[in-house]
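What follows is a short report on a single structure.
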Amino acid sequence: MQPAFIRVIDNIRKQLDESSWTGTYHDVLIWPPSTTDEIKALVTELLQAMETATPQEADEIRGTLARLPMPHPGYHLRLQRQQQEASIDLWELCYQVCFFEYSPQKEAADIDTSLIDELGEVDWLRLDAKAKELVEQAFANLPES
């Protein structure tokens with residue numbers, strides 16, 4: 001995944017150099033789709049309480065958190081151009097590079113083995129070409145001015 005991420009970030013930099021969009025990178029929390037705002041607030045509150053909890057309180061908090069939906073970390077590129085804003089999920093883009101016909105709705109994905117050479121090493125040229133194509137598509141799908 002790391003080689004794909006490196007190529008995606010490099011190609012994004014190139015696109016931003018040629019684009020009227022400006023971008024900033026942000027760590028985000030990705031919640032399961034059905035998580036309510038109340039549950040998100042509760043989980044956040046409990047995680048903050050863990051920082052100052054006694055060992056006994058921490059055990060109780062961990063027990064409660066084990067029954068609640070937990071977010072996973074994400075990484076987004078937030079784009080701005082005048083009053084327009086857009087966001088690109090960088091991990092989703094990396095998954096598209098690494099897998100054939102990746103879709104977040106599918107439970108399984110097939111690795112794109114064309115990105116590996118006959119020695120089992122990363123084929124950097126193929127990887128870069130696929131990352132470039134997908135980044136260009138992402139920018140082409142941004143709102144028009």
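Identifiers in the structure tokens: chain A, B, ... in order shown; residue index from 1 per chain; ligand index from 1 in order shown.
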Excluding range 68-81 of chain A and any residue of its chain fewer than 6 positions from it, enumerate the residues within 7 Å of it, using only C-alpha atoms, and give them as a list in words.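 The filter keeps Ser20, Trp21, Thr22, Gly23, Thr24, Tyr25, His26, Asp27, Val28, Leu29, Ile30, Trp31, Pro32, Ser87, Ile88, Asp89, Leu90 and Trp91 of chain A.
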All residues 10 Å or closer to Asp128 in chain A, only C-alpha atoms, same chain fewer than 4 positions away omitted, as a count of residues only: 14
Tell me, as a PDB file with N, CA and C atoms, in the first residue's frame, which residues lie within 7 Å of range 39-43 of chain A, counting only C-alpha atoms; anything in the same chain fewer than 4 positions away does not count.
```pdb
ATOM      1  N   THR A  35     -23.925   5.247  12.117  1.00  0.00           N
ATOM      2  CA  THR A  35     -23.615   5.853  13.412  1.00  0.00           C
ATOM      3  C   THR A  35     -24.270   7.220  13.535  1.00  0.00           C
ATOM      4  N   LEU A  47     -13.609   8.499  24.845  1.00  0.00           N
ATOM      5  CA  LEU A  47     -12.184   8.446  24.499  1.00  0.00           C
ATOM      6  C   LEU A  47     -11.405   9.550  25.210  1.00  0.00           C
ATOM      7  N   LEU A  65     -16.984   1.107  25.443  1.00  0.00           N
ATOM      8  CA  LEU A  65     -16.538   1.344  24.068  1.00  0.00           C
ATOM      9  C   LEU A  65     -16.580   0.067  23.224  1.00  0.00           C
TER      10      LEU A  65
END
```
Alpha helix (DSSP H) residues, from DSSP on the backbone, in chain A, as a PyMOL selection string: chain A and resi 2-18+37-50+55-66+90-98+124-140
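Here CA of Gln48 in chain A stands at a distance of 10.3 Å from CA of Ile61 in chain A.
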CA of Ala131 in chain A to CA of Leu93 in chain A, straight-line distance in Å: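 Pair CA of Leu93 in chain A / CA of Ala131 in chain A returns 8.3 Å.
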Output as a JSON list (two decimals) with N, CA and C atoms, in the first residue's frame all residues of range 62-144 of chain A that backbone DSSP marks as strand (DSSP E or B).
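Writing done, so here's states.json:
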```json
[["chain", "number", "residue", "atom", "x", "y", "z"],
["A", 72, "HIS", "N", -12.56, 4.48, 12.18],
["A", 72, "HIS", "CA", -11.19, 4.14, 11.79],
["A", 72, "HIS", "C", -10.57, 5.38, 11.16],
["A", 73, "PRO", "N", -9.25, 5.47, 11.22],
["A", 73, "PRO", "CA", -8.61, 6.69, 10.71],
["A", 73, "PRO", "C", -8.67, 6.75, 9.19],
["A", 74, "GLY", "N", -8.82, 7.95, 8.68],
["A", 74, "GLY", "CA", -8.80, 8.19, 7.25],
["A", 74, "GLY", "C", -7.90, 9.38, 6.95],
["A", 75, "TYR", "N", -7.68, 9.60, 5.68],
["A", 75, "TYR", "CA", -6.81, 10.70, 5.26],
["A", 75, "TYR", "C", -7.43, 11.30, 4.01],
["A", 76, "HIS", "N", -7.78, 12.57, 4.08],
["A", 76, "HIS", "CA", -8.48, 13.24, 2.98],
["A", 76, "HIS", "C", -7.68, 14.42, 2.45],
["A", 77, "LEU", "N", -7.84, 14.66, 1.17],
["A", 77, "LEU", "CA", -7.35, 15.87, 0.53],
["A", 77, "LEU", "C", -8.55, 16.79, 0.40],
["A", 78, "ARG", "N", -8.51, 17.93, 1.08],
["A", 78, "ARG", "CA", -9.58, 18.91, 0.96],
["A", 78, "ARG", "C", -9.15, 19.95, -0.05],
["A", 79, "LEU", "N", -9.99, 20.15, -1.04],
["A", 79, "LEU", "CA", -9.68, 21.06, -2.14],
["A", 79, "LEU", "C", -10.58, 22.29, -2.08],
["A", 80, "GLN", "N", -9.99, 23.43, -2.45],
["A", 80, "GLN", "CA", -10.75, 24.68, -2.50],
["A", 80, "GLN", "C", -10.39, 25.44, -3.76],
["A", 81, "ARG", "N", -11.42, 26.06, -4.33],
["A", 81, "ARG", "CA", -11.24, 26.96, -5.46],
["A", 81, "ARG", "C", -12.36, 27.98, -5.36],
["A", 84, "GLN", "N", -15.82, 27.12, -4.02],
["A", 84, "GLN", "CA", -16.06, 25.67, -4.17],
["A", 84, "GLN", "C", -15.15, 24.87, -3.25],
["A", 85, "GLU", "N", -15.69, 23.76, -2.77],
["A", 85, "GLU", "CA", -14.92, 22.83, -1.95],
["A", 85, "GLU", "C", -15.20, 21.42, -2.42],
["A", 86, "ALA", "N", -14.19, 20.58, -2.28],
["A", 86, "ALA", "CA", -14.33, 19.16, -2.60],
["A", 86, "ALA", "C", -13.37, 18.38, -1.71],
["A", 87, "SER", "N", -13.58, 17.09, -1.64],
["A", 87, "SER", "CA", -12.72, 16.25, -0.82],
["A", 87, "SER", "C", -12.45, 14.93, -1.55],
["A", 88, "ILE", "N", -11.23, 14.46, -1.43],
["A", 88, "ILE", "CA", -10.85, 13.17, -2.01],
["A", 88, "ILE", "C", -10.34, 12.29, -0.88],
["A", 89, "ASP", "N", -10.91, 11.10, -0.76],
["A", 89, "ASP", "CA", -10.48, 10.13, 0.23],
["A", 89, "ASP", "C", -9.23, 9.44, -0.32],
["A", 99, "PHE", "N", -6.15, -2.51, -6.31],
["A", 99, "PHE", "CA", -7.08, -3.58, -6.60],
["A", 99, "PHE", "C", -7.76, -3.38, -7.95],
["A", 100, "PHE", "N", -8.21, -4.49, -8.53],
["A", 100, "PHE", "CA", -9.02, -4.45, -9.75],
["A", 100, "PHE", "C", -10.42, -4.02, -9.38],
["A", 110, "ASP", "N", -9.85, -7.99, -5.62],
["A", 110, "ASP", "CA", -8.74, -8.73, -6.22],
["A", 110, "ASP", "C", -7.55, -7.81, -6.41],
["A", 111, "ILE", "N", -6.40, -8.27, -5.95],
["A", 111, "ILE", "CA", -5.17, -7.49, -6.08],
["A", 111, "ILE", "C", -4.82, -7.36, -7.55],
["A", 116, "ILE", "N", 2.97, -5.92, -10.03],
["A", 116, "ILE", "CA", 4.11, -6.67, -9.49],
["A", 116, "ILE", "C", 4.84, -7.31, -10.66],
["A", 122, "VAL", "N", 7.66, -4.38, -6.87],
["A", 122, "VAL", "CA", 6.73, -3.39, -7.40],
["A", 122, "VAL", "C", 7.20, -2.95, -8.79]]
```
note - CA of Gln96 in chain A and CA of Thr36 in chain A are separated by 28.3 Å
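The smallest atom-to-atom distance between Phe139 in chain A and any of A:Leu16, A:Met1, A:Ala109, A:Ile9, using only C-alpha atoms, is found for A:Leu16.
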Counting only C-alpha atoms, the residue of A:Pro143, A:Pro33, A:Gly120, A:Pro55 that sits nearest Gln105 in chain A: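 Ranked by minimum distance to Gln105 in chain A, first place goes to A:Pro33.
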